Structures are given as structure tokens and as C-alpha cells.
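Here is my_file_32.cif, consisting of mmCIF, C-alpha atoms:
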```
data_coords
#
loop_
_atom_site.label_atom_id
_atom_site.label_comp_id
_atom_site.auth_asym_id
_atom_site.auth_seq_id
_atom_site.Cartn_x
_atom_site.Cartn_y
_atom_site.Cartn_z
CA MET A 1 70.24 -23.95 -0.08
CA LEU A 2 70.71 -20.33 -1.08
CA ARG A 3 69.41 -21.09 -4.57
CA PHE A 4 66.34 -22.83 -3.05
CA SER A 5 65.66 -19.83 -0.82
CA ARG A 6 65.77 -17.49 -3.80
CA VAL A 7 63.41 -19.71 -5.79
CA PHE A 8 61.04 -19.93 -2.81
CA LEU A 9 61.06 -16.18 -2.28
CA ALA A 10 60.39 -15.59 -5.95
CA PHE A 11 57.48 -18.05 -5.83
CA LEU A 12 56.10 -16.46 -2.67
CA SER A 13 56.33 -12.97 -4.21
CA THR A 14 54.51 -14.09 -7.34
CA THR A 15 51.82 -15.79 -5.26
CA LEU A 16 51.22 -12.65 -3.20
CA ILE A 17 50.99 -10.49 -6.31
CA VAL A 18 48.44 -12.85 -7.88
CA ALA A 19 46.47 -13.03 -4.63
CA GLY A 20 46.54 -9.25 -4.29
CA THR A 21 45.36 -8.83 -7.86
CA ALA A 22 42.48 -11.27 -7.26
CA THR A 23 41.45 -9.46 -4.09
CA ALA A 24 41.49 -6.13 -5.83
CA ALA A 25 39.47 -7.35 -8.84
CA PRO A 26 36.86 -4.72 -9.63
CA TYR A 27 33.21 -5.52 -8.91
CA PRO A 28 31.44 -6.94 -10.79
CA GLU A 29 33.66 -9.45 -12.56
CA LYS A 30 30.96 -12.05 -13.27
CA PRO A 31 27.16 -12.13 -13.85
CA ILE A 32 24.84 -11.02 -11.05
CA LYS A 33 21.61 -12.82 -10.09
CA LEU A 34 18.57 -10.71 -9.22
CA ILE A 35 16.16 -13.01 -7.41
CA VAL A 36 12.40 -12.58 -7.84
CA ALA A 37 10.47 -14.53 -5.21
CA TRP A 38 7.34 -14.70 -7.40
CA SER A 39 6.32 -16.36 -10.65
CA PRO A 40 7.01 -14.66 -14.01
CA GLY A 41 4.44 -12.13 -15.16
CA GLY A 42 3.79 -10.29 -11.91
CA THR A 43 4.83 -6.75 -11.05
CA THR A 44 7.98 -7.74 -9.13
CA ASP A 45 9.09 -9.78 -12.14
CA ILE A 46 8.23 -7.07 -14.69
CA LEU A 47 10.13 -4.41 -12.77
CA ALA A 48 13.07 -6.71 -12.07
CA ARG A 49 13.55 -7.32 -15.80
CA ILE A 50 13.53 -3.58 -16.53
CA ILE A 51 16.09 -2.96 -13.79
CA ALA A 52 18.23 -5.97 -14.72
CA GLN A 53 18.56 -4.85 -18.32
CA GLY A 54 19.51 -1.33 -17.27
CA LEU A 55 21.99 -2.48 -14.63
CA SER A 56 23.63 -4.82 -17.13
CA GLU A 57 24.43 -1.79 -19.25
CA LYS A 58 25.54 0.37 -16.31
CA LEU A 59 27.74 -2.26 -14.66
CA GLY A 60 29.16 -3.91 -17.75
CA GLN A 61 28.09 -7.37 -16.55
CA THR A 62 24.96 -9.38 -17.20
CA VAL A 63 22.30 -9.15 -14.51
CA LEU A 64 20.11 -12.25 -14.71
CA VAL A 65 16.57 -12.41 -13.28
CA GLU A 66 15.92 -15.72 -11.56
CA ASN A 67 12.41 -16.61 -10.35
CA LYS A 68 12.14 -18.59 -7.10
CA PRO A 69 8.42 -18.48 -6.23
CA GLY A 70 6.70 -20.08 -3.26
CA GLY A 71 6.13 -19.60 0.43
CA GLY A 72 4.49 -16.21 -0.05
CA ASN A 73 7.80 -14.63 -1.15
CA ASN A 74 9.83 -16.39 1.55
CA ILE A 75 11.59 -19.09 -0.50
CA GLY A 76 13.33 -16.66 -2.81
CA THR A 77 14.05 -14.23 0.02
CA GLU A 78 15.69 -16.91 2.17
CA TYR A 79 17.75 -18.05 -0.81
CA VAL A 80 19.21 -14.55 -1.06
CA ILE A 81 19.80 -14.26 2.68
CA ARG A 82 21.70 -17.58 2.72
CA SER A 83 23.80 -16.59 -0.30
CA ALA A 84 27.35 -15.26 -0.06
CA PRO A 85 27.38 -11.51 0.76
CA ASP A 86 29.50 -10.66 -2.26
CA GLY A 87 27.10 -8.62 -4.40
CA TYR A 88 26.40 -11.42 -6.88
CA THR A 89 23.01 -12.47 -5.47
CA LEU A 90 20.49 -9.70 -4.92
CA ASN A 91 16.84 -9.58 -3.88
CA MET A 92 14.11 -7.72 -5.80
CA THR A 93 12.50 -6.44 -2.63
CA ASN A 94 8.74 -5.81 -2.40
CA PRO A 95 6.07 -5.15 0.25
CA ALA A 96 5.79 -8.85 1.13
CA ASN A 97 9.23 -8.55 2.70
CA ALA A 98 7.74 -6.03 5.16
CA ILE A 99 4.39 -7.80 5.60
CA ASN A 100 5.74 -11.30 6.22
CA ALA A 101 7.61 -10.18 9.32
CA SER A 102 4.29 -10.23 11.21
CA LEU A 103 2.19 -12.51 8.97
CA TYR A 104 4.47 -15.53 9.42
CA LYS A 105 5.22 -16.52 13.00
CA GLY A 106 7.90 -19.12 12.30
CA LEU A 107 10.20 -17.43 9.82
CA SER A 108 13.79 -18.60 9.95
CA PHE A 109 15.06 -15.11 9.16
CA ASN A 110 14.46 -11.47 10.02
CA PHE A 111 14.44 -9.49 6.79
CA ILE A 112 15.54 -6.17 8.26
CA ASN A 113 18.34 -7.73 10.31
CA ASP A 114 19.51 -10.25 7.70
CA THR A 115 19.71 -7.98 4.64
CA VAL A 116 21.12 -4.60 3.71
CA PRO A 117 19.07 -2.13 1.67
CA VAL A 118 20.69 -1.18 -1.63
CA ALA A 119 18.28 1.14 -3.45
CA GLY A 120 14.62 1.97 -3.86
CA VAL A 121 13.32 1.61 -7.42
CA VAL A 122 9.66 2.54 -7.77
CA ARG A 123 6.37 3.04 -5.95
CA THR A 124 3.14 1.95 -7.63
CA PRO A 125 -0.53 2.06 -6.75
CA ASN A 126 -2.52 -1.11 -6.39
CA VAL A 127 -5.67 -1.21 -8.46
CA MET A 128 -8.97 -2.83 -7.55
CA VAL A 129 -9.89 -4.92 -10.57
CA VAL A 130 -12.82 -7.27 -11.15
CA THR A 131 -13.59 -9.94 -13.69
CA ALA A 132 -15.37 -8.40 -16.69
CA ALA A 133 -18.54 -10.45 -16.14
CA LEU A 134 -19.12 -9.16 -12.59
CA PRO A 135 -22.21 -6.86 -12.69
CA VAL A 136 -20.58 -3.88 -10.94
CA LYS A 137 -19.15 -0.65 -12.34
CA ASN A 138 -17.80 1.10 -9.23
CA VAL A 139 -16.78 0.55 -5.61
CA ASP A 140 -20.25 1.36 -4.23
CA GLU A 141 -21.83 -1.28 -6.46
CA PHE A 142 -19.12 -3.78 -5.55
CA ILE A 143 -19.73 -3.32 -1.81
CA ALA A 144 -23.48 -3.74 -2.34
CA TYR A 145 -22.90 -6.88 -4.42
CA CYS A 146 -20.55 -8.31 -1.78
CA LYS A 147 -23.05 -7.79 1.02
CA ALA A 148 -25.89 -9.25 -1.05
CA ASN A 149 -23.75 -12.26 -2.05
CA PRO A 150 -21.52 -12.97 0.96
CA THR A 151 -20.37 -16.39 -0.30
CA LYS A 152 -19.87 -15.57 -3.97
CA VAL A 153 -16.87 -13.25 -3.99
CA ASN A 154 -13.38 -14.75 -4.12
CA MET A 155 -10.45 -12.36 -3.77
CA ALA A 156 -7.29 -13.39 -5.60
CA SER A 157 -3.79 -12.37 -4.60
CA SER A 158 -0.26 -13.06 -5.75
CA GLY A 159 0.29 -14.90 -2.48
CA SER A 160 -0.31 -14.64 1.24
CA GLY A 161 1.54 -11.65 2.62
CA SER A 162 1.72 -9.68 -0.61
CA SER A 163 0.56 -6.06 -0.68
CA ILE A 164 -2.19 -7.34 -2.98
CA HIS A 165 -3.44 -9.64 -0.21
CA LEU A 166 -3.19 -7.08 2.59
CA SER A 167 -4.80 -4.32 0.50
CA GLY A 168 -7.80 -6.62 0.19
CA GLU A 169 -7.77 -7.38 3.92
CA LEU A 170 -7.72 -3.65 4.64
CA PHE A 171 -10.71 -3.21 2.31
CA LYS A 172 -12.59 -5.96 4.15
CA ILE A 173 -11.88 -4.32 7.52
CA MET A 174 -13.06 -0.89 6.36
CA THR A 175 -16.18 -1.99 4.44
CA GLY A 176 -17.41 -5.12 6.19
CA CYS A 177 -17.28 -7.05 2.91
CA LYS A 178 -16.86 -10.80 3.17
CA MET A 179 -14.46 -12.19 0.56
CA ALA A 180 -12.66 -15.52 0.52
CA HIS A 181 -8.93 -15.07 -0.03
CA ILE A 182 -7.46 -17.26 -2.78
CA PRO A 183 -3.63 -17.01 -2.82
CA TYR A 184 -1.61 -17.83 -5.95
CA LYS A 185 2.12 -18.18 -6.56
CA GLY A 186 2.33 -14.83 -8.30
CA ALA A 187 0.15 -12.24 -10.01
CA GLY A 188 0.42 -13.93 -13.42
CA PRO A 189 -1.60 -17.06 -12.56
CA ALA A 190 -3.98 -15.03 -10.37
CA LEU A 191 -4.76 -12.68 -13.27
CA ASN A 192 -5.36 -15.64 -15.58
CA ASP A 193 -8.09 -16.90 -13.25
CA LEU A 194 -9.51 -13.40 -12.79
CA ILE A 195 -9.82 -13.02 -16.55
CA ALA A 196 -11.49 -16.45 -16.75
CA GLY A 197 -13.95 -15.54 -13.97
CA GLN A 198 -12.68 -18.20 -11.54
CA VAL A 199 -12.15 -15.40 -8.99
CA GLN A 200 -14.00 -12.09 -8.87
CA VAL A 201 -11.69 -9.37 -7.53
CA MET A 202 -8.04 -8.54 -7.00
CA PHE A 203 -6.17 -5.56 -5.55
CA ASP A 204 -3.29 -5.98 -7.97
CA ASN A 205 -0.10 -3.96 -8.39
CA LEU A 206 -0.89 -1.74 -11.36
CA PRO A 207 2.01 -2.72 -13.66
CA SER A 208 0.86 -6.34 -14.02
CA SER A 209 -2.80 -5.41 -14.56
CA SER A 210 -2.49 -2.35 -16.78
CA GLY A 211 -2.42 -4.20 -20.11
CA PHE A 212 -5.48 -6.29 -19.25
CA ILE A 213 -7.35 -3.19 -18.09
CA LYS A 214 -6.59 -1.39 -21.35
CA ASP A 215 -7.76 -4.29 -23.53
CA GLY A 216 -10.95 -4.74 -21.51
CA ARG A 217 -10.31 -8.23 -20.17
CA ILE A 218 -10.70 -6.97 -16.60
CA ARG A 219 -12.38 -3.85 -15.20
CA ALA A 220 -10.66 -1.30 -12.95
CA LEU A 221 -12.95 0.04 -10.24
CA ALA A 222 -10.45 2.19 -8.30
CA VAL A 223 -6.83 2.75 -7.37
CA THR A 224 -5.70 2.29 -3.80
CA THR A 225 -3.56 5.41 -3.43
CA SER A 226 -4.85 8.63 -1.87
CA THR A 227 -4.73 10.42 -5.24
CA ARG A 228 -5.85 9.36 -8.71
CA GLU A 229 -3.40 7.74 -11.13
CA ALA A 230 -2.56 9.65 -14.31
CA SER A 231 -2.18 6.47 -16.37
CA LEU A 232 -5.79 5.49 -15.58
CA PRO A 233 -7.80 8.62 -16.40
CA GLY A 234 -11.33 8.45 -15.09
CA VAL A 235 -10.60 5.73 -12.51
CA PRO A 236 -11.34 7.05 -8.98
CA THR A 237 -9.59 6.18 -5.73
CA VAL A 238 -11.03 3.69 -3.26
CA ALA A 239 -10.87 6.52 -0.71
CA GLU A 240 -13.50 8.49 -2.64
CA THR A 241 -15.95 5.80 -1.54
CA VAL A 242 -14.18 4.47 1.56
CA PRO A 243 -12.67 7.52 3.30
CA GLY A 244 -9.19 6.97 4.70
CA PHE A 245 -8.35 3.95 2.57
CA GLU A 246 -4.76 3.99 1.27
CA ALA A 247 -2.35 1.32 0.14
CA SER A 248 0.50 1.25 -2.33
CA ALA A 249 3.36 -0.99 -3.34
CA TRP A 250 7.07 -0.26 -3.59
CA PHE A 251 10.00 -2.15 -5.03
CA GLY A 252 13.75 -2.00 -4.66
CA VAL A 253 16.96 -3.98 -4.33
CA SER A 254 18.48 -5.56 -1.22
CA ALA A 255 21.53 -7.73 -0.58
CA PRO A 256 22.56 -10.29 2.05
CA LYS A 257 23.81 -8.92 5.37
CA GLY A 258 27.56 -8.42 5.30
CA THR A 259 27.75 -7.25 1.70
CA PRO A 260 30.66 -4.77 1.56
CA ARG A 261 29.64 -1.12 1.75
CA GLU A 262 31.58 -0.26 -1.41
CA ILE A 263 29.54 -2.80 -3.39
CA VAL A 264 26.27 -1.53 -1.94
CA GLU A 265 27.24 2.03 -2.86
CA LYS A 266 28.26 1.06 -6.40
CA LEU A 267 24.93 -0.68 -6.95
CA ASN A 268 23.04 2.25 -5.41
CA VAL A 269 24.73 4.72 -7.76
CA ALA A 270 23.94 2.49 -10.75
CA VAL A 271 20.25 2.18 -9.80
CA ASN A 272 19.92 5.92 -9.23
CA GLN A 273 21.56 6.65 -12.58
CA LEU A 274 19.11 4.26 -14.18
CA LEU A 275 16.14 5.98 -12.55
CA ALA A 276 17.38 9.32 -13.91
CA ASP A 277 17.24 7.99 -17.49
CA PRO A 278 14.24 9.52 -19.34
CA LYS A 279 13.59 6.23 -21.16
CA ILE A 280 13.34 4.32 -17.88
CA GLN A 281 11.19 7.06 -16.34
CA LYS A 282 8.83 6.85 -19.33
CA ARG A 283 8.60 3.06 -19.07
CA LEU A 284 7.89 3.17 -15.33
CA SER A 285 5.32 5.92 -15.84
CA GLU A 286 3.52 3.81 -18.44
CA LEU A 287 3.25 1.11 -15.79
CA GLY A 288 1.87 3.57 -13.25
CA GLY A 289 5.09 3.76 -11.28
CA THR A 290 6.92 6.69 -9.68
CA PRO A 291 10.72 6.33 -9.27
CA ILE A 292 12.00 6.49 -5.67
CA PRO A 293 15.73 7.24 -5.96
CA GLY A 294 17.76 7.79 -2.80
CA THR A 295 20.39 6.40 -0.50
CA PRO A 296 20.47 2.86 0.92
CA GLU A 297 19.35 4.41 4.21
CA ASP A 298 16.31 5.99 2.53
CA PHE A 299 15.22 2.61 1.23
CA GLY A 300 15.89 0.99 4.61
CA LYS A 301 13.63 3.54 6.32
CA LEU A 302 10.83 2.83 3.81
CA ILE A 303 11.06 -0.91 4.55
CA SER A 304 11.03 -0.29 8.31
CA ASN A 305 8.05 2.08 8.17
CA ASP A 306 6.01 -0.30 6.01
CA THR A 307 6.85 -3.24 8.29
CA GLN A 308 5.24 -1.33 11.16
CA LYS A 309 2.23 -0.22 9.07
CA TRP A 310 1.30 -3.68 7.81
CA GLU A 311 1.84 -5.26 11.21
CA LYS A 312 -1.17 -3.26 12.41
CA VAL A 313 -3.30 -4.49 9.46
CA VAL A 314 -2.23 -8.10 10.06
CA LYS A 315 -3.19 -7.89 13.74
CA THR A 316 -6.52 -6.14 13.08
CA SER A 317 -7.56 -8.46 10.25
CA GLY A 318 -6.38 -11.62 11.96
CA ALA A 319 -4.67 -12.63 8.73
CA THR A 320 -2.40 -15.63 9.20
CA VAL A 321 -0.77 -18.39 7.22
CA ASP A 322 0.58 -20.50 10.10
#
```

Do you think you could lay out the structure here as C-alpha cells?
Amino acid sequence: MLRFSRVFLAFLSTTLIVAGTATAAPYPEKPIKLIVAWSPGGTTDILARIIAQGLSEKLGQTVLVENKPGGGNNIGTEYVIRSAPDGYTLNMTNPANAINASLYKGLSFNFINDTVPVAGVVRTPNVMVVTAALPVKNVDEFIAYCKANPTKVNMASSGSGSSIHLSGELFKIMTGCKMAHIPYKGAGPALNDLIAGQVQVMFDNLPSSSGFIKDGRIRALAVTTSTREASLPGVPTVAETVPGFEASAWFGVSAPKGTPREIVEKLNVAVNQLLADPKIQKRLSELGGTPIPGTPEDFGKLISNDTQKWEKVVKTSGATVD
């Protein structure tokens, strides 16, 4: 009996040591998934791949981008929210996460309550682009064309609820232009149809449009920020024609509610270190983006403020998907 007790105690001690070692395993000890709720080729996807590569190097574990498009950003977002809060499934957060709170009436989640902000990544202007065959060269001419052809202008977006969609709705409110909204499952397929002339205009996030603007396949009429964009010299702001118009997009990383604070902080430090890298800054600048480093709380405040801003646009425009 004594021998059995000693054997049992030795087994118990070994078990506790192994369990303690497993509990104390440093994060991350396996690959991390960064979920993009849009199709490949759009701005959220482009930025996610830049961040994933950099985080892989900073964290010493592979960060994999996984696209889960559909539902105007909601399918991928809900997937993250329902995932284990262990730091291994993250959300590439974008303005649709703020907009959808008021655009969709029957959401099964509340983004602000059901996630924790990790880190802001970048802010970018949207850019008003038209198909190359459209006979307009500036915003004034576009407004005149719209009003003369009220049934001929289709406005593409990366999906209902995206900043691309709501930027266009804001433009309609402020100019009186009539444009039919055509939502796609991401900026990539929307841009393909814009290039082909199947749709006429888009208020795209600059990173996904910049290459097509530079090679002349689409025409930039204006940027949506209050100041001009250095990467598009000579392109005015919408506000120079439509006073008071302003819209921009931002991107960052969020995690499921309940993710341990120490994991959130480790990820936040890694993202901020990445944004301080001159190579990353140069790449983001080439895409028209401005890094937005800061604390998790800083990013949370940005999400909250934008949720309130776009709620007003949704109510005024009457935009709905339900």
C-alpha cells in the first residue's frame, strides 16, 4: 500500500508539472489565423497580407490570412466572434464593422461588445473612381452627367455596409445624384466590372484602386478626405466641389471577447513595432495609407466614434439591407 501511494504521488507530481508547463506555454505556440471578411484583392485583404507577413516575423509563428467573404463583412466577423478567445483567431477590422451595427437590424452579435480591440493599423482615403469610358473628367462634370442621366449610373461597392458603399450614399445625400447601388463580395470583383464598364463609379479604398489608376484602366476624380493625397498628385478632394464632404477608411486588428489581456498587449506591441518599421511605412505610404499606432483603447475609441458617425449616414440615407 505504501509503495502504491508513493507511485501515485510520483505520478500526480509529474502530471501537475506537465499541466503547469502546458499552461505556461508562451504565446504563440502555433499558427495564427487573421480573418478577412472580404474576397481577395480588396484593401482589407491587401493590408492583412502585409500585416500577417510582418507579424509572422515579429512573433516567430506563421500568421495565415484566411478569406471568409459574404454577408457584407458579417460572415467572417461572426466566425471570429464565435472562435475561442485564445489569440489564435483574429479579425482584420475595417469600417464595415462600425457601419453594420446600424445597417443590419438583425445581427446576431454586437461588434463592440463581442470583441476586444487589439491595434489600429492604417487609415486610408477612399477615392472616387470612374470607368475610363465615362465622359467626365472631374466631380462637377460627374454630377452634371448623373443629373442628366438619372438611370444610367451604377455605383459599385465591395459590399453593403462597407465604407465604399456609405461614402457613395453620403455623396448622393450631399449632391442629389441618383445612382443605383450594386454591391459585390469584395473590391476585387467590383473593380473588375468597373474596368469593364459594367458599373460606372466607385468610392473605393485607395490601396485596391491605386494600381489601376496609375495604369489608366480607371480614372480618379477625387479623394474623399478633407485634404489631398500625396500619392495622387493633381487629384482634388470631393470637398473642393462638395463643401463639407469627408470620408475615410481605417483598418486594424481585433480579437474575440475574453481574449487574455497579456495576449492582446503582446499583439499590440508587435503591430506597433511593425508600424515603426521604415519598410512597412514606405509600403503603406505607396498605398495611400497613414499608420495609426496606439493602444488597444485608442483603436477601440476609433471604432466607437465611427460607429456613431456612420449611424447618422445610414439613418439619413435610408440605406438598408434587411

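Those residues that approach A:Gly72 to within 9 Å, counting all atoms listed in the file, are A:Ala37, A:Trp38, A:Pro69, A:Ile75, A:Ala96, A:Asn100, A:Ser158, A:Gly159, A:Ser160, A:Gly161, A:Ser162, A:Pro183, A:Tyr184, A:Lys185, A:Gly186; same-chain residues fewer than 3 positions away are not listed.
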
For the residues in the current selection, export C-alpha atoms as an mmCIF file, keeping the file's coordinate frame.
```
data_model
loop_
_atom_site.group_PDB
_atom_site.id
_atom_site.type_symbol
_atom_site.label_atom_id
_atom_site.label_comp_id
_atom_site.auth_asym_id
_atom_site.auth_seq_id
_atom_site.Cartn_x
_atom_site.Cartn_y
_atom_site.Cartn_z
ATOM 1 C CA ALA A 37 10.470 -14.530 -5.210
ATOM 2 C CA TRP A 38 7.340 -14.700 -7.400
ATOM 3 C CA PRO A 69 8.420 -18.480 -6.230
ATOM 4 C CA ILE A 75 11.590 -19.090 -0.500
ATOM 5 C CA ALA A 96 5.790 -8.850 1.130
ATOM 6 C CA ASN A 100 5.740 -11.300 6.220
ATOM 7 C CA SER A 158 -0.260 -13.060 -5.750
ATOM 8 C CA GLY A 159 0.290 -14.900 -2.480
ATOM 9 C CA SER A 160 -0.310 -14.640 1.240
ATOM 10 C CA GLY A 161 1.540 -11.650 2.620
ATOM 11 C CA SER A 162 1.720 -9.680 -0.610
ATOM 12 C CA PRO A 183 -3.630 -17.010 -2.820
ATOM 13 C CA TYR A 184 -1.610 -17.830 -5.950
ATOM 14 C CA LYS A 185 2.120 -18.180 -6.560
ATOM 15 C CA GLY A 186 2.330 -14.830 -8.300
#
```

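The closest residue to A:Lys257, picked from A:Ala132, A:Ala230, A:Ala84, A:Val122 and counting only C-alpha atoms, is A:Ala84.
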
As a check of understanding, name the residues that the PyMOL selection byres ((chain A and resi 193-195) around 8) selects in the supplied structure, as a ChimeraX atom specification. /A:130-132,156,189-192,196-202,217-218

Sorted by chain and rising residue number, which residues of stretch 146-223 of chain A lie within 9 Å of stretch 306-320 of chain A, and what are their closest atom pairs and distances in Å to one decimal, counting only C-alpha atoms, as CSV?
```
residue,atom,partner,partner_atom,distance
A:Ser160,CA,A:Thr320,CA,8.3
A:Gly161,CA,A:Thr320,CA,8.6
A:Ser163,CA,A:Trp310,CA,8.8
A:Leu166,CA,A:Val313,CA,7.3
A:Glu169,CA,A:Ser317,CA,6.4
A:Leu170,CA,A:Val313,CA,6.6
A:Lys172,CA,A:Ser317,CA,8.3
A:Ile173,CA,A:Ser317,CA,6.6
```

Could the residues of stretch 57-145 of chain A that have an atom at most 9 Å from stretch 286-305 of chain A be listed as JSON lines, each with its closest atom pair and the distance in Å to one decimal, counting all atoms listed in the file and ordered by chain and ascending residue number?
```
{"residue": "A:Asn94", "atom": "CA", "partner": "A:Ile303", "partner_atom": "CA", "distance": 8.8}
{"residue": "A:Pro95", "atom": "CA", "partner": "A:Ile303", "partner_atom": "CA", "distance": 7.8}
{"residue": "A:Asn97", "atom": "CA", "partner": "A:Ile303", "partner_atom": "CA", "distance": 8.1}
{"residue": "A:Ala98", "atom": "CA", "partner": "A:Ile303", "partner_atom": "CA", "distance": 6.1}
{"residue": "A:Ile112", "atom": "CA", "partner": "A:Ser304", "partner_atom": "CA", "distance": 7.4}
{"residue": "A:Val116", "atom": "CA", "partner": "A:Gly300", "partner_atom": "CA", "distance": 7.7}
{"residue": "A:Pro117", "atom": "CA", "partner": "A:Pro296", "partner_atom": "CA", "distance": 5.2}
{"residue": "A:Val118", "atom": "CA", "partner": "A:Pro296", "partner_atom": "CA", "distance": 4.8}
{"residue": "A:Ala119", "atom": "CA", "partner": "A:Pro296", "partner_atom": "CA", "distance": 5.2}
{"residue": "A:Gly120", "atom": "CA", "partner": "A:Phe299", "partner_atom": "CA", "distance": 5.2}
{"residue": "A:Val121", "atom": "CA", "partner": "A:Ile292", "partner_atom": "CA", "distance": 5.3}
{"residue": "A:Val122", "atom": "CA", "partner": "A:Pro291", "partner_atom": "CA", "distance": 4.2}
{"residue": "A:Arg123", "atom": "CA", "partner": "A:Thr290", "partner_atom": "CA", "distance": 5.2}
{"residue": "A:Thr124", "atom": "CA", "partner": "A:Gly289", "partner_atom": "CA", "distance": 4.5}
{"residue": "A:Pro125", "atom": "CA", "partner": "A:Gly288", "partner_atom": "CA", "distance": 7.1}
```

Since I can't run it myself right now, could you work out what the PyMOL selection byres ((chain A and resi 221) around 12) selects here and report it as a PyMOL selection string? chain A and resi 126-132+134-143+201-204+213+218-220+222-224+228+232-241

Determine the nearest neighbour of A:Leu107 from the options A:Val321, A:Tyr27, A:Met155, A:Lys282, counting only C-alpha atoms. A:Val321

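Residues matched by the PyMOL selection byres ((chain A and resi 274) around 10) in this file are Ile50, Ile51, Gly54, Leu55, Glu57, Lys58, Val121, Asn268, Val269, Ala270, Val271, Asn272, Gln273, Leu275, Ala276, Asp277, Pro278, Lys279, Ile280, Gln281, Pro291 and Pro293 of chain A.
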
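Candidate residues A:Asn205, A:Ser285, A:Thr115, A:Thr77 were compared for distance to A:Pro260, and the nearest is A:Thr115, using all atoms listed in the file.
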
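Atom pair atom CA of A:Ala247 / atom CA of A:Gly168: separated by 9.6 Å.
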
Can you tell me, as an MDAnalysis selection string, which residues sit within 8 Å of (-12.7, -15.0, -0.2) in the file's frame, using all atoms listed in the file? chainID A and resid 151 153:156 178:182

Selection as a PyMOL selection string: residues within 9 Å of (-21.5, -8.5, 2.2), counting all atoms listed in the file: chain A and resi 143-151+175-179
